[in-house]
file model-v6.csv (CSV, C-alpha atoms)
chain,number,residue,atom,x,y,z
A,1236,MET,CA,-57.6,10.9,-4.8
A,1237,TYR,CA,-57.6,14.3,-6.5
A,1238,ASP,CA,-61.2,15.3,-6.6
A,1239,VAL,CA,-61.3,18.4,-8.9
A,1240,GLU,CA,-65.0,18.9,-8.5
A,1241,ARG,CA,-64.7,19.1,-4.7
A,1242,ILE,CA,-61.7,21.4,-5.1
A,1243,ARG,CA,-63.7,23.6,-7.4
A,1244,SER,CA,-66.4,24.0,-4.7
A,1245,ASP,CA,-63.7,25.6,-2.5
A,1246,PHE,CA,-63.5,28.6,-4.9
A,1247,PRO,CA,-66.7,30.7,-4.8
A,1248,ILE,CA,-66.0,32.7,-7.9
A,1249,LEU,CA,-66.0,29.5,-10.1
A,1250,ALA,CA,-69.8,29.2,-9.6
A,1251,ARG,CA,-70.5,32.5,-11.3
A,1252,GLU,CA,-71.4,33.3,-14.9
A,1253,VAL,CA,-69.8,35.7,-17.3
A,1254,ASN,CA,-71.8,37.0,-20.3
A,1255,GLY,CA,-74.5,34.4,-19.5
A,1256,LYS,CA,-72.0,31.6,-19.7
A,1257,PRO,CA,-70.4,29.6,-16.9
A,1258,LEU,CA,-67.0,31.1,-16.1
A,1259,VAL,CA,-64.1,29.2,-17.5
A,1260,TYR,CA,-61.1,30.9,-15.8
A,1261,LEU,CA,-57.9,30.3,-17.8
A,1262,ASP,CA,-56.0,33.4,-16.7
A,1263,ASN,CA,-54.2,31.7,-13.7
A,1264,GLY,CA,-50.8,32.8,-15.0
A,1265,ALA,CA,-51.7,36.4,-14.3
A,1266,SER,CA,-53.5,35.8,-11.0
A,1267,ALA,CA,-55.2,32.8,-9.5
A,1268,GLN,CA,-58.6,32.7,-7.8
A,1269,LYS,CA,-58.9,32.4,-4.0
A,1270,PRO,CA,-60.3,29.5,-2.0
A,1271,ARG,CA,-63.0,30.2,0.7
A,1272,VAL,CA,-60.5,29.4,3.5
A,1273,VAL,CA,-58.3,32.3,2.4
A,1274,ILE,CA,-61.2,34.7,2.0
A,1275,ASP,CA,-62.6,33.6,5.4
A,1276,ALA,CA,-59.2,33.9,7.2
A,1277,MET,CA,-58.7,37.5,5.9
A,1278,THR,CA,-62.3,38.5,6.8
A,1279,ARG,CA,-61.8,37.1,10.3
A,1280,MET,CA,-58.6,39.1,10.7
A,1281,TYR,CA,-60.2,42.3,9.7
A,1282,GLU,CA,-63.4,41.7,11.7
A,1283,ASP,CA,-62.0,40.2,14.9
A,1284,GLU,CA,-58.2,40.2,15.2
A,1285,TYR,CA,-56.7,43.1,13.4
A,1286,ALA,CA,-53.9,45.3,14.9
A,1287,ASN,CA,-50.4,46.3,13.9
A,1288,VAL,CA,-47.7,43.8,14.5
A,1289,HIS,CA,-44.4,43.5,16.5
A,1290,ARG,CA,-44.4,46.5,18.8
A,1291,GLY,CA,-47.8,46.4,20.5
A,1292,LEU,CA,-48.2,44.6,23.8
A,1293,HIS,CA,-52.0,44.4,23.8
A,1294,TYR,CA,-54.1,41.4,23.1
A,1295,LEU,CA,-55.0,42.0,19.5
A,1296,SER,CA,-51.4,43.0,18.5
A,1297,ASN,CA,-50.1,39.8,20.0
A,1298,ILE,CA,-52.6,37.7,18.0
A,1299,ALA,CA,-51.8,39.5,14.8
A,1300,THR,CA,-48.0,39.3,15.4
A,1301,GLU,CA,-48.2,35.6,16.2
A,1302,LYS,CA,-50.3,34.8,13.0
A,1303,TYR,CA,-48.1,37.1,10.8
A,1304,GLU,CA,-44.8,35.7,12.0
A,1305,ALA,CA,-46.1,32.1,11.7
A,1306,VAL,CA,-46.3,32.6,7.9
A,1307,ARG,CA,-42.4,32.6,7.7
A,1308,GLY,CA,-42.5,29.0,8.9
A,1309,ILE,CA,-45.2,28.1,6.4
A,1310,VAL,CA,-43.3,29.6,3.5
A,1311,ALA,CA,-40.2,27.8,4.6
A,1312,ARG,CA,-42.0,24.5,4.7
A,1313,PHE,CA,-43.6,25.1,1.3
A,1314,LEU,CA,-40.2,25.9,-0.3
A,1315,GLY,CA,-38.2,23.3,1.7
A,1316,ALA,CA,-36.1,26.2,3.1
A,1317,PRO,CA,-33.8,25.3,6.0
A,1318,ASP,CA,-34.6,28.3,8.2
A,1319,ALA,CA,-37.7,30.5,8.5
A,1320,GLN,CA,-35.4,33.4,9.3
A,1321,GLU,CA,-34.2,33.3,5.7
A,1322,ILE,CA,-37.7,34.3,4.5
A,1323,VAL,CA,-38.2,38.0,3.8
A,1324,PHE,CA,-41.7,39.1,3.3
A,1325,THR,CA,-42.4,41.2,0.2
A,1326,THR,CA,-45.4,42.4,-1.8
A,1327,GLY,CA,-44.5,39.8,-4.5
A,1328,THR,CA,-41.8,38.6,-6.7
A,1329,THR,CA,-41.2,42.0,-8.3
A,1330,GLU,CA,-40.3,43.6,-4.9
A,1331,GLY,CA,-38.2,40.6,-4.0
A,1332,ILE,CA,-36.1,40.8,-7.1
A,1333,ASN,CA,-35.8,44.6,-6.7
A,1334,LEU,CA,-34.6,44.0,-3.2
A,1335,VAL,CA,-31.8,41.8,-4.5
A,1336,SER,CA,-30.9,44.4,-7.1
A,1337,TYR,CA,-30.7,47.3,-4.7
A,1338,ALA,CA,-29.5,45.6,-1.6
A,1339,TRP,CA,-27.1,42.9,-2.9
A,1340,ALA,CA,-26.2,43.5,-6.5
A,1341,ALA,CA,-25.8,47.3,-6.7
A,1342,PRO,CA,-23.1,47.6,-4.0
A,1343,ARG,CA,-20.9,44.9,-5.5
A,1344,MET,CA,-21.2,45.5,-9.3
A,1345,GLN,CA,-19.1,47.8,-11.4
A,1346,ALA,CA,-19.1,48.8,-15.0
A,1347,GLY,CA,-18.3,45.8,-17.1
A,1348,ASP,CA,-19.6,43.2,-14.6
A,1349,GLU,CA,-22.2,40.8,-16.1
A,1350,ILE,CA,-25.6,39.4,-15.2
A,1351,VAL,CA,-26.7,36.4,-17.2
A,1352,LEU,CA,-30.4,36.3,-18.1
A,1353,SER,CA,-32.6,34.1,-20.4
A,1354,VAL,CA,-34.9,35.5,-23.0
A,1355,LEU,CA,-37.7,33.7,-21.2
A,1356,GLU,CA,-37.7,36.2,-18.4
A,1357,HIS,CA,-40.7,38.2,-17.1
A,1358,HIS,CA,-40.1,41.9,-17.0
A,1359,ALA,CA,-39.8,41.6,-13.2
A,1360,ASN,CA,-36.6,39.7,-13.7
A,1361,ILE,CA,-35.3,42.1,-16.4
A,1362,VAL,CA,-36.0,45.7,-15.5
A,1363,PRO,CA,-34.2,45.6,-12.1
A,1364,TRP,CA,-31.1,44.5,-13.9
A,1365,HIS,CA,-31.6,47.2,-16.6
A,1366,PHE,CA,-31.4,49.7,-13.7
A,1367,LEU,CA,-27.9,48.5,-13.0
A,1368,ARG,CA,-27.0,48.6,-16.7
A,1369,GLU,CA,-28.2,52.2,-17.0
A,1370,ARG,CA,-26.8,53.5,-13.7
A,1371,GLN,CA,-23.6,51.4,-13.2
A,1372,GLY,CA,-22.6,50.1,-16.6
A,1373,VAL,CA,-23.5,46.5,-15.8
A,1374,VAL,CA,-23.7,44.2,-18.9
A,1375,LEU,CA,-26.7,42.0,-19.5
A,1376,LYS,CA,-25.8,38.7,-21.3
A,1377,TRP,CA,-28.8,37.0,-22.9
A,1378,VAL,CA,-29.3,33.3,-23.5
A,1379,GLU,CA,-31.9,32.3,-26.1
A,1380,PRO,CA,-34.2,29.3,-25.9
A,1381,GLU,CA,-34.2,26.4,-28.3
A,1382,PRO,CA,-36.7,26.4,-31.3
A,1383,ASP,CA,-39.1,24.3,-29.2
A,1384,GLY,CA,-39.0,26.8,-26.4
A,1385,ALA,CA,-36.7,24.8,-24.1
A,1386,LEU,CA,-33.8,26.5,-22.3
A,1387,ASP,CA,-30.6,24.5,-22.4
A,1388,PRO,CA,-28.9,24.7,-19.0
A,1389,GLU,CA,-25.5,24.2,-20.5
A,1390,LYS,CA,-26.0,27.4,-22.7
A,1391,VAL,CA,-26.7,29.3,-19.5
A,1392,ILE,CA,-23.7,27.9,-17.8
A,1393,ASP,CA,-21.5,28.6,-20.9
A,1394,ALA,CA,-22.5,32.2,-20.8
A,1395,ILE,CA,-20.9,32.6,-17.4
A,1396,GLY,CA,-17.6,34.5,-17.8
A,1397,PRO,CA,-14.9,35.9,-15.5
A,1398,ARG,CA,-17.0,39.1,-15.0
A,1399,THR,CA,-20.3,37.4,-14.3
A,1400,LYS,CA,-21.6,38.3,-10.9
A,1401,LEU,CA,-25.1,36.8,-11.0
A,1402,VAL,CA,-27.3,34.4,-13.0
A,1403,ALA,CA,-31.0,35.4,-12.8
A,1404,VAL,CA,-33.4,32.9,-14.4
A,1405,THR,CA,-37.1,31.8,-14.3
A,1406,GLN,CA,-38.1,28.4,-13.2
A,1407,MET,CA,-41.0,28.4,-15.6
A,1408,SER,CA,-41.9,30.7,-18.5
A,1409,ASN,CA,-45.2,32.5,-18.0
A,1410,VAL,CA,-45.6,32.7,-21.8
A,1411,THR,CA,-44.8,29.2,-23.0
A,1412,GLY,CA,-44.9,27.1,-19.9
A,1413,THR,CA,-41.3,26.0,-20.4
A,1414,LEU,CA,-39.9,24.4,-17.3
A,1415,VAL,CA,-36.2,25.3,-16.7
A,1416,ASP,CA,-33.8,22.9,-15.1
A,1417,VAL,CA,-32.7,25.5,-12.5
A,1418,ALA,CA,-30.9,22.9,-10.4
A,1419,ALA,CA,-28.5,22.1,-13.3
A,1420,ILE,CA,-27.9,25.8,-13.8
A,1421,CYS,CA,-27.2,26.3,-10.1
A,1422,ARG,CA,-24.7,23.4,-10.0
A,1423,GLY,CA,-22.9,24.9,-13.0
A,1424,ALA,CA,-22.9,28.4,-11.6
A,1425,LYS,CA,-21.9,27.3,-8.1
A,1426,ALA,CA,-18.9,25.5,-9.6
A,1427,ARG,CA,-17.8,28.8,-11.0
A,1428,GLY,CA,-18.5,30.8,-7.8
A,1429,VAL,CA,-21.5,32.7,-9.3
A,1430,PRO,CA,-24.8,33.1,-7.3
A,1431,VAL,CA,-28.1,32.3,-8.8
A,1432,LEU,CA,-31.5,34.1,-8.4
A,1433,VAL,CA,-34.5,32.0,-9.4
A,1434,ASP,CA,-37.9,33.6,-10.2
A,1435,GLY,CA,-40.3,31.1,-8.8
A,1436,SER,CA,-43.5,33.1,-9.6
A,1437,GLN,CA,-44.8,30.3,-11.9
A,1438,GLY,CA,-42.6,27.4,-10.9
A,1439,ALA,CA,-43.8,27.3,-7.3
A,1440,VAL,CA,-47.4,27.3,-8.3
A,1441,HIS,CA,-47.3,24.2,-10.5
A,1442,ARG,CA,-45.0,21.7,-8.9
A,1443,PRO,CA,-43.2,20.9,-5.6
A,1444,VAL,CA,-40.2,23.1,-4.7
A,1445,ASN,CA,-37.2,21.9,-2.7
A,1446,LEU,CA,-34.6,24.6,-2.3
A,1447,ALA,CA,-32.0,22.2,-1.1
A,1448,GLU,CA,-32.3,20.3,-4.4
A,1449,ILE,CA,-32.3,23.5,-6.5
A,1450,GLY,CA,-29.2,25.0,-4.8
A,1451,CYS,CA,-29.9,28.7,-5.6
A,1452,ASP,CA,-29.1,31.8,-3.5
A,1453,PHE,CA,-32.3,33.6,-3.9
A,1454,TYR,CA,-35.8,32.3,-4.7
A,1455,ALA,CA,-38.8,34.6,-5.1
A,1456,ILE,CA,-42.5,33.9,-5.0
A,1457,THR,CA,-45.7,35.9,-5.3
A,1458,GLY,CA,-48.8,35.2,-3.2
A,1459,HIS,CA,-51.6,36.1,-5.7
A,1460,LYS,CA,-50.5,33.4,-8.2
A,1461,LEU,CA,-50.4,30.9,-5.3
A,1462,TYR,CA,-54.1,31.2,-4.7
A,1463,GLY,CA,-53.5,33.9,-2.0
A,1464,PRO,CA,-54.1,37.6,-2.0
A,1465,SER,CA,-52.5,40.3,-4.0
A,1466,GLY,CA,-49.8,42.4,-2.2
A,1467,SER,CA,-48.3,39.3,-0.6
A,1468,GLY,CA,-45.1,37.4,-1.3
A,1469,ALA,CA,-41.7,36.4,-0.1
A,1470,ILE,CA,-38.2,35.8,-1.1
A,1471,TRP,CA,-35.9,33.2,0.3
A,1472,ILE,CA,-32.3,34.4,0.7
A,1473,SER,CA,-29.5,32.2,1.9
A,1474,LYS,CA,-27.8,33.4,5.1
A,1475,ALA,CA,-24.5,33.9,3.3
A,1476,ARG,CA,-26.1,36.3,0.9
A,1477,MET,CA,-28.2,38.0,3.6
A,1478,ALA,CA,-24.9,38.8,5.4
A,1479,GLU,CA,-23.7,40.6,2.2
A,1480,MET,CA,-26.8,42.8,1.8
A,1481,ARG,CA,-27.4,46.4,2.8
A,1482,PRO,CA,-30.9,47.6,3.7
A,1483,PHE,CA,-33.1,48.6,0.8
A,1484,LEU,CA,-36.0,50.4,2.5
A,1485,GLY,CA,-35.7,52.5,5.6
A,1486,GLY,CA,-38.3,53.0,8.4
A,1487,GLY,CA,-39.9,51.1,11.2
A,1488,ASP,CA,-39.1,47.5,12.1
A,1489,MET,CA,-35.8,47.4,10.2
A,1490,ILE,CA,-34.0,49.3,12.9
A,1491,ARG,CA,-32.9,48.8,16.5
A,1492,GLU,CA,-31.9,52.3,17.4
A,1493,VAL,CA,-32.1,55.6,15.6
A,1494,GLY,CA,-30.3,58.8,16.8
A,1495,ARG,CA,-29.5,62.1,15.3
A,1496,ASP,CA,-26.1,61.0,14.1
A,1497,ALA,CA,-26.3,57.2,13.8
A,1498,VAL,CA,-28.6,54.3,13.1
A,1499,THR,CA,-28.3,50.6,14.1
A,1500,TYR,CA,-30.1,48.2,11.9
A,1501,ASN,CA,-32.1,45.2,12.9
A,1502,VAL,CA,-31.0,41.6,12.2
A,1503,PRO,CA,-32.3,39.8,9.1
A,1504,PRO,CA,-35.0,39.2,7.9
A,1505,MET,CA,-36.4,42.3,9.7
A,1506,LYS,CA,-33.4,44.3,8.4
A,1507,PHE,CA,-35.1,44.2,4.9
A,1508,GLU,CA,-38.7,44.8,6.0
A,1509,ALA,CA,-39.6,48.5,6.7
A,1510,GLY,CA,-42.8,50.0,7.8
A,1511,THR,CA,-46.2,48.5,8.5
A,1512,PRO,CA,-46.4,45.4,6.3
A,1513,GLY,CA,-49.3,43.8,4.5
A,1514,ILE,CA,-50.4,42.0,7.7
A,1515,VAL,CA,-53.6,40.5,6.5
A,1516,GLN,CA,-52.3,39.8,3.0
A,1517,GLN,CA,-49.4,37.8,4.3
A,1518,ILE,CA,-51.6,35.8,6.7
A,1519,GLY,CA,-53.9,35.1,3.7
A,1520,MET,CA,-50.9,33.8,1.7
A,1521,GLY,CA,-50.0,31.5,4.6
A,1522,VAL,CA,-53.5,30.0,4.6
A,1523,ALA,CA,-53.2,29.6,0.8
A,1524,LEU,CA,-49.9,27.8,1.1
A,1525,GLU,CA,-51.3,25.5,3.7
A,1526,TYR,CA,-54.2,24.8,1.4
A,1527,LEU,CA,-51.8,23.8,-1.4
A,1528,MET,CA,-49.7,21.6,0.9
A,1529,ALA,CA,-52.9,19.8,2.1
A,1530,LEU,CA,-53.7,19.1,-1.6
A,1531,GLY,CA,-50.1,18.0,-2.2
A,1532,MET,CA,-48.1,19.8,-4.8
A,1533,GLU,CA,-47.2,16.5,-6.4
A,1534,ASN,CA,-50.9,15.9,-6.9
A,1535,VAL,CA,-51.4,19.4,-8.3
A,1536,ALA,CA,-48.5,18.8,-10.7
A,1537,ALA,CA,-50.0,15.5,-11.9
A,1538,HIS,CA,-53.5,17.0,-12.4
A,1539,GLU,CA,-52.0,19.9,-14.4
A,1540,ALA,CA,-49.9,17.5,-16.5
A,1541,ASP,CA,-53.0,15.7,-17.4
A,1542,LEU,CA,-54.7,18.9,-18.4
A,1543,ARG,CA,-51.6,19.8,-20.5
A,1544,ASP,CA,-51.7,16.5,-22.3
A,1545,TYR,CA,-55.4,16.6,-22.9
A,1546,ALA,CA,-55.2,20.2,-24.2
A,1547,THR,CA,-52.3,19.3,-26.4
A,1548,GLU,CA,-54.3,16.5,-28.0
A,1549,ARG,CA,-57.3,18.7,-28.6
A,1550,PHE,CA,-55.2,21.4,-30.1
A,1551,LYS,CA,-53.7,19.0,-32.7
A,1552,GLY,CA,-57.0,19.1,-34.6
A,1553,LEU,CA,-56.8,22.9,-35.0
A,1554,ASN,CA,-54.4,23.3,-37.9
A,1555,TRP,CA,-55.0,27.0,-37.9
A,1556,LEU,CA,-53.8,27.5,-34.3
A,1557,ASN,CA,-50.2,28.7,-33.9
A,1558,LEU,CA,-48.9,27.5,-30.6
A,1559,GLN,CA,-45.8,29.0,-29.1
A,1560,GLY,CA,-43.5,26.7,-27.2
A,1561,ARG,CA,-43.5,22.9,-27.3
A,1562,ALA,CA,-40.7,22.0,-24.9
A,1563,PRO,CA,-40.9,18.6,-23.3
A,1564,GLY,CA,-42.4,18.6,-19.8
A,1565,LYS,CA,-43.7,22.1,-20.1
A,1566,GLY,CA,-46.4,23.4,-17.8
A,1567,ALA,CA,-50.1,23.8,-18.6
A,1568,ILE,CA,-49.6,27.2,-20.2
A,1569,PHE,CA,-50.4,27.8,-23.8
A,1570,SER,CA,-49.7,30.9,-25.8
A,1571,PHE,CA,-51.2,31.1,-29.3
A,1572,THR,CA,-52.4,33.1,-32.3
A,1573,LEU,CA,-54.7,32.2,-35.1
A,1574,GLN,CA,-53.9,32.1,-38.8
A,1575,GLY,CA,-55.5,35.1,-40.4
A,1576,PRO,CA,-56.2,38.7,-39.5
A,1577,ALA,CA,-57.4,38.2,-35.9
A,1578,HIS,CA,-55.3,40.1,-33.3
A,1579,ALA,CA,-54.8,38.5,-29.9
A,1580,HIS,CA,-57.2,41.1,-28.4
A,1581,ASP,CA,-59.9,40.1,-30.9
A,1582,ILE,CA,-59.5,36.5,-30.0
A,1583,SER,CA,-59.6,37.2,-26.3
A,1584,THR,CA,-62.8,39.3,-26.7
A,1585,VAL,CA,-64.6,36.5,-28.6
A,1586,LEU,CA,-63.5,34.0,-26.0
A,1587,ASP,CA,-64.8,36.3,-23.2
A,1588,LYS,CA,-68.2,36.3,-24.9
A,1589,LYS,CA,-68.3,32.5,-24.4
A,1590,GLY,CA,-67.3,32.9,-20.7
A,1591,VAL,CA,-63.7,31.9,-21.3
A,1592,ALA,CA,-61.1,34.2,-19.6
A,1593,VAL,CA,-57.7,34.3,-21.1
A,1594,ARG,CA,-54.9,36.9,-21.3
A,1595,ALA,CA,-53.9,38.8,-24.4
A,1596,GLY,CA,-50.8,40.9,-25.0
A,1597,THR,CA,-47.1,40.6,-24.4
A,1598,HIS,CA,-47.5,39.0,-20.9
A,1599,CYS,CA,-44.8,41.3,-19.5
A,1600,ALA,CA,-42.2,39.3,-21.6
A,1601,MET,CA,-41.4,41.6,-24.5
A,1602,PRO,CA,-38.0,40.2,-25.3
A,1603,LEU,CA,-39.5,36.7,-25.6
A,1604,LEU,CA,-42.4,37.9,-27.8
A,1605,ASP,CA,-39.8,39.6,-30.0
A,1606,HIS,CA,-37.8,36.4,-30.2
A,1607,LEU,CA,-40.9,34.5,-31.2
A,1608,GLY,CA,-41.7,37.1,-33.9
A,1609,GLU,CA,-45.0,38.1,-32.3
A,1610,THR,CA,-46.4,41.5,-31.2
A,1611,ALA,CA,-49.0,39.8,-29.0
A,1612,THR,CA,-50.4,36.4,-28.2
A,1613,CYS,CA,-53.4,34.9,-26.3
A,1614,ARG,CA,-52.5,32.8,-23.3
A,1615,ALA,CA,-54.6,30.1,-21.7
A,1616,SER,CA,-53.0,29.2,-18.3
A,1617,PHE,CA,-54.5,26.3,-16.3
A,1618,GLY,CA,-54.6,25.8,-12.6
A,1619,LEU,CA,-55.5,23.2,-10.0
A,1620,TYR,CA,-59.2,23.7,-10.4
A,1621,ASN,CA,-59.5,23.5,-14.2
A,1622,THR,CA,-61.0,20.5,-16.0
A,1623,HIS,CA,-61.1,18.6,-19.3
A,1624,ALA,CA,-64.6,20.1,-19.8
A,1625,GLU,CA,-63.1,23.5,-19.7
A,1626,VAL,CA,-60.4,22.6,-22.2
A,1627,ASP,CA,-63.3,21.5,-24.5
A,1628,LYS,CA,-65.1,24.9,-24.0
A,1629,LEU,CA,-61.8,26.7,-24.9
A,1630,VAL,CA,-61.6,24.6,-28.1
A,1631,GLU,CA,-65.2,25.4,-29.0
A,1632,ALA,CA,-64.6,29.1,-28.5
A,1633,LEU,CA,-61.5,29.0,-30.6
A,1634,GLU,CA,-63.4,27.2,-33.4
A,1635,LEU,CA,-65.9,30.1,-33.2
A,1636,CYS,CA,-63.0,32.6,-33.5
A,1637,HIS,CA,-61.7,30.7,-36.6
A,1638,GLU,CA,-65.1,30.9,-38.2
A,1639,LEU,CA,-65.4,34.6,-37.6
A,1640,PHE,CA,-61.9,35.6,-38.7
A,1641,ALA,CA,-61.0,33.0,-41.4
call {"tool": "encode", "arguments": {"input": "model-v6.csv", "output": "structure tokens"}}
result
Amino acid sequence: MYDVERIRSDFPILAREVNGKPLVYLDNGASAQKPRVVIDAMTRMYEDEYANVHRGLHYLSNIATEKYEAVRGIVARFLGAPDAQEIVFTTGTTEGINLVSYAWAAPRMQAGDEIVLSVLEHHANIVPWHFLRERQGVVLKWVEPEPDGALDPEKVIDAIGPRTKLVAVTQMSNVTGTLVDVAAICRGAKARGVPVLVDGSQGAVHRPVNLAEIGCDFYAITGHKLYGPSGSGAIWISKARMAEMRPFLGGGDMIREVGRDAVTYNVPPMKFEAGTPGIVQQIGMGVALEYLMALGMENVAAHEADLRDYATERFKGLNWLNLQGRAPGKGAIFSFTLQGPAHAHDISTVLDKKGVAVRAGTHCAMPLLDHLGETATCRASFGLYNTHAEVDKLVEALELCHELFA
């Protein structure tokens, strides 16, 4: 049984007040809160077990290395990846996608080659491809969502042409919660011999992931959205694509030998990990993923679907609330504005006075906001510890906003 109150007790910050009100944290799409097991594990590492990894032969270094490297296997289990050696540690999805841009895409793309993107993408899955557009003349082909916010996989597949070298697509929109059928996109792209990169920053947080079923070539996640620490993350890269990649960052760990006239690189995944890593951050992410797997991602998905449905019903009574994105099966992410003069920042400020934390702005998705005809929206993004009562508090705060700005 999914006991949300017991789960809430695992997160110390949820017991605090903001502006004299119990905290209602609905900014999970930006960054999720951390359970006590993650906080304790990181504290223990710093207090009792910290040392640099890989090259030390002393007791503490061996402990740190063992715990750090064990996280590759944890990430692989969480994603359903076939081999832990296909997991490259990063600081998050942004670094993972940039790694693919610099180490895989840049050496094999020429002027006129194409990358297919959707308008749903986060800037982290847009800007690295703009680098190639600016520097190498690569063409970005955009696929727009349907009026309800859904992304038709066939439209993405139809956008693939003879010069298409990559499809880069999100699994779930961080603005509208739209869930993308990335498996269908991968099947269509694979039939045309085109690799696919999936941005799993939101998708991996809210539902089970099985890379064998998805069929992509690259899949990136970020730890701080997965109830782990900031500065942690990973990208799964198929062995076939790893073999095609050059190093991105140079330094320690990614080499075997360095001389005055030559360098020999390490084998993957170490080939793509230079310098002292975020040791404690990655260990914290591993603990967070184990916490999620113990809860069961299918249980998390069911709980959040219930929250989504309940919030959708409550919002139906607010005829002055403009919701963005109503795609079937969407996640529990709601972006909205109010009829009238209230700016998204005004709405967020009023909600904060009631203890309700939401995000306001463009959500690092300017092309999507432009497509929606909005300069900014508020976003309430739910997580595994949110409740029906918190939906009610959000609605009450929105009603106050409507009274103030109507």
call {"tool": "closest_residue", "arguments": {"input": "model-v6.csv", "among": "A:Pro1430, A:Gly1485, A:Gly1458, A:Gly1566", "to": "A:Val1535", "atoms": "all atoms listed in the file"}}
result
A:Gly1566
call {"tool": "closest_residue", "arguments": {"input": "model-v6.csv", "among": "A:Val1310, A:Asp1262, A:Ile1274, A:Asp1238", "to": "A:Ser1583", "atoms": "all atoms listed in the file"}}
result
A:Asp1262
call {"tool": "residues_around", "arguments": {"input": "model-v6.csv", "residues": "A:Ile1309", "least_positions_apart": "4", "cutoff": "8 Å", "atoms": "all atoms listed in the file", "output": "PDB file with C-alpha atoms, in the coordinates of the input"}}
result
ATOM      1  CA  ALA A1305     -46.100  32.100  11.700  1.00  0.00           C
ATOM      2  CA  PHE A1313     -43.600  25.100   1.300  1.00  0.00           C
ATOM      3  CA  GLY A1521     -50.000  31.500   4.600  1.00  0.00           C
ATOM      4  CA  LEU A1524     -49.900  27.800   1.100  1.00  0.00           C
ATOM      5  CA  GLU A1525     -51.300  25.500   3.700  1.00  0.00           C
TER       6      GLU A1525
END
call {"tool": "residues_around", "arguments": {"input": "model-v6.csv", "residues": "A:Leu1375", "least_positions_apart": "2", "cutoff": "9 Å", "atoms": "all atoms listed in the file", "output": "list of chain:residue names"}}
result
A:Asp1348, A:Glu1349, A:Ile1350, A:Val1351, A:Leu1352, A:Trp1364, A:His1365, A:Arg1368, A:Val1373, A:Trp1377
call {"tool": "residues_around", "arguments": {"input": "model-v6.csv", "residues": "A:Leu1633", "least_positions_apart": "3", "cutoff": "9 Å", "atoms": "all atoms listed in the file", "output": "tab-separated table (two decimals) with C-alpha atoms, in the coordinates of the input"}}
result
chain	number	residue	atom	x	y	z
A	1553	LEU	CA	-56.80	22.90	-35.00
A	1556	LEU	CA	-53.80	27.50	-34.30
A	1573	LEU	CA	-54.70	32.20	-35.10
A	1582	ILE	CA	-59.50	36.50	-30.00
A	1585	VAL	CA	-64.60	36.50	-28.60
A	1586	LEU	CA	-63.50	34.00	-26.00
A	1628	LYS	CA	-65.10	24.90	-24.00
A	1629	LEU	CA	-61.80	26.70	-24.90
A	1630	VAL	CA	-61.60	24.60	-28.10
A	1636	CYS	CA	-63.00	32.60	-33.50
A	1637	HIS	CA	-61.70	30.70	-36.60
A	1638	GLU	CA	-65.10	30.90	-38.20
call {"tool": "residues_around", "arguments": {"input": "model-v6.csv", "residues": "stretch 1325-1329 of chain A", "least_positions_apart": "2", "cutoff": "6 Å", "atoms": "all atoms listed in the file", "output": "mmCIF file with C-alpha atoms, in the frame of the given file"}}
result
data_model
loop_
_atom_site.group_PDB
_atom_site.id
_atom_site.type_symbol
_atom_site.label_atom_id
_atom_site.label_comp_id
_atom_site.auth_asym_id
_atom_site.auth_seq_id
_atom_site.Cartn_x
_atom_site.Cartn_y
_atom_site.Cartn_z
ATOM 1 C CA GLY A 1331 -38.200 40.600 -4.000
ATOM 2 C CA ILE A 1332 -36.100 40.800 -7.100
ATOM 3 C CA ALA A 1359 -39.800 41.600 -13.200
ATOM 4 C CA ALA A 1455 -38.800 34.600 -5.100
ATOM 5 C CA ILE A 1456 -42.500 33.900 -5.000
ATOM 6 C CA THR A 1457 -45.700 35.900 -5.300
ATOM 7 C CA GLY A 1466 -49.800 42.400 -2.200
ATOM 8 C CA SER A 1467 -48.300 39.300 -0.600
ATOM 9 C CA GLY A 1468 -45.100 37.400 -1.300
ATOM 10 C CA ALA A 1469 -41.700 36.400 -0.100
#
call {"tool": "residues_around", "arguments": {"input": "model-v6.csv", "residues": "A:Leu1619", "least_positions_apart": "3", "cutoff": "9 Å", "atoms": "only C-alpha atoms", "output": "PyMOL selection string"}}
result
chain A and resi 1239+1242-1243+1441+1535-1536+1538-1539+1622
call {"tool": "write_last_selection", "arguments": {"input": "model-v6.csv", "atoms": "C-alpha atoms", "output": "CSV table (one decimal), in the frame of the given file"}}
result
chain,number,residue,atom,x,y,z
A,1239,VAL,CA,-61.3,18.4,-8.9
A,1242,ILE,CA,-61.7,21.4,-5.1
A,1243,ARG,CA,-63.7,23.6,-7.4
A,1441,HIS,CA,-47.3,24.2,-10.5
A,1535,VAL,CA,-51.4,19.4,-8.3
A,1536,ALA,CA,-48.5,18.8,-10.7
A,1538,HIS,CA,-53.5,17.0,-12.4
A,1539,GLU,CA,-52.0,19.9,-14.4
A,1622,THR,CA,-61.0,20.5,-16.0
call {"tool": "atom_distance", "arguments": {"input": "model-v6.csv", "atom1": "atom CA of A:Val1273", "atom2": "atom CA of A:Leu1461"}}
result
11.1 Å
call {"tool": "closest_residue", "arguments": {"input": "model-v6.csv", "among": "A:Val1323, A:Ala1562, A:Ala1641, A:Leu1530", "to": "A:Gln1574", "atoms": "all atoms listed in the file"}}
result
A:Ala1641
call {"tool": "closest_residue", "arguments": {"input": "model-v6.csv", "among": "A:Pro1503, A:Gly1463, A:Gly1255, A:Pro1247", "to": "A:Tyr1526", "atoms": "all atoms listed in the file"}}
result
A:Gly1463
call {"tool": "atom_distance", "arguments": {"input": "model-v6.csv", "atom1": "atom CA of A:Met1280", "atom2": "atom CA of A:Ile1470"}}
result
23.8 Å
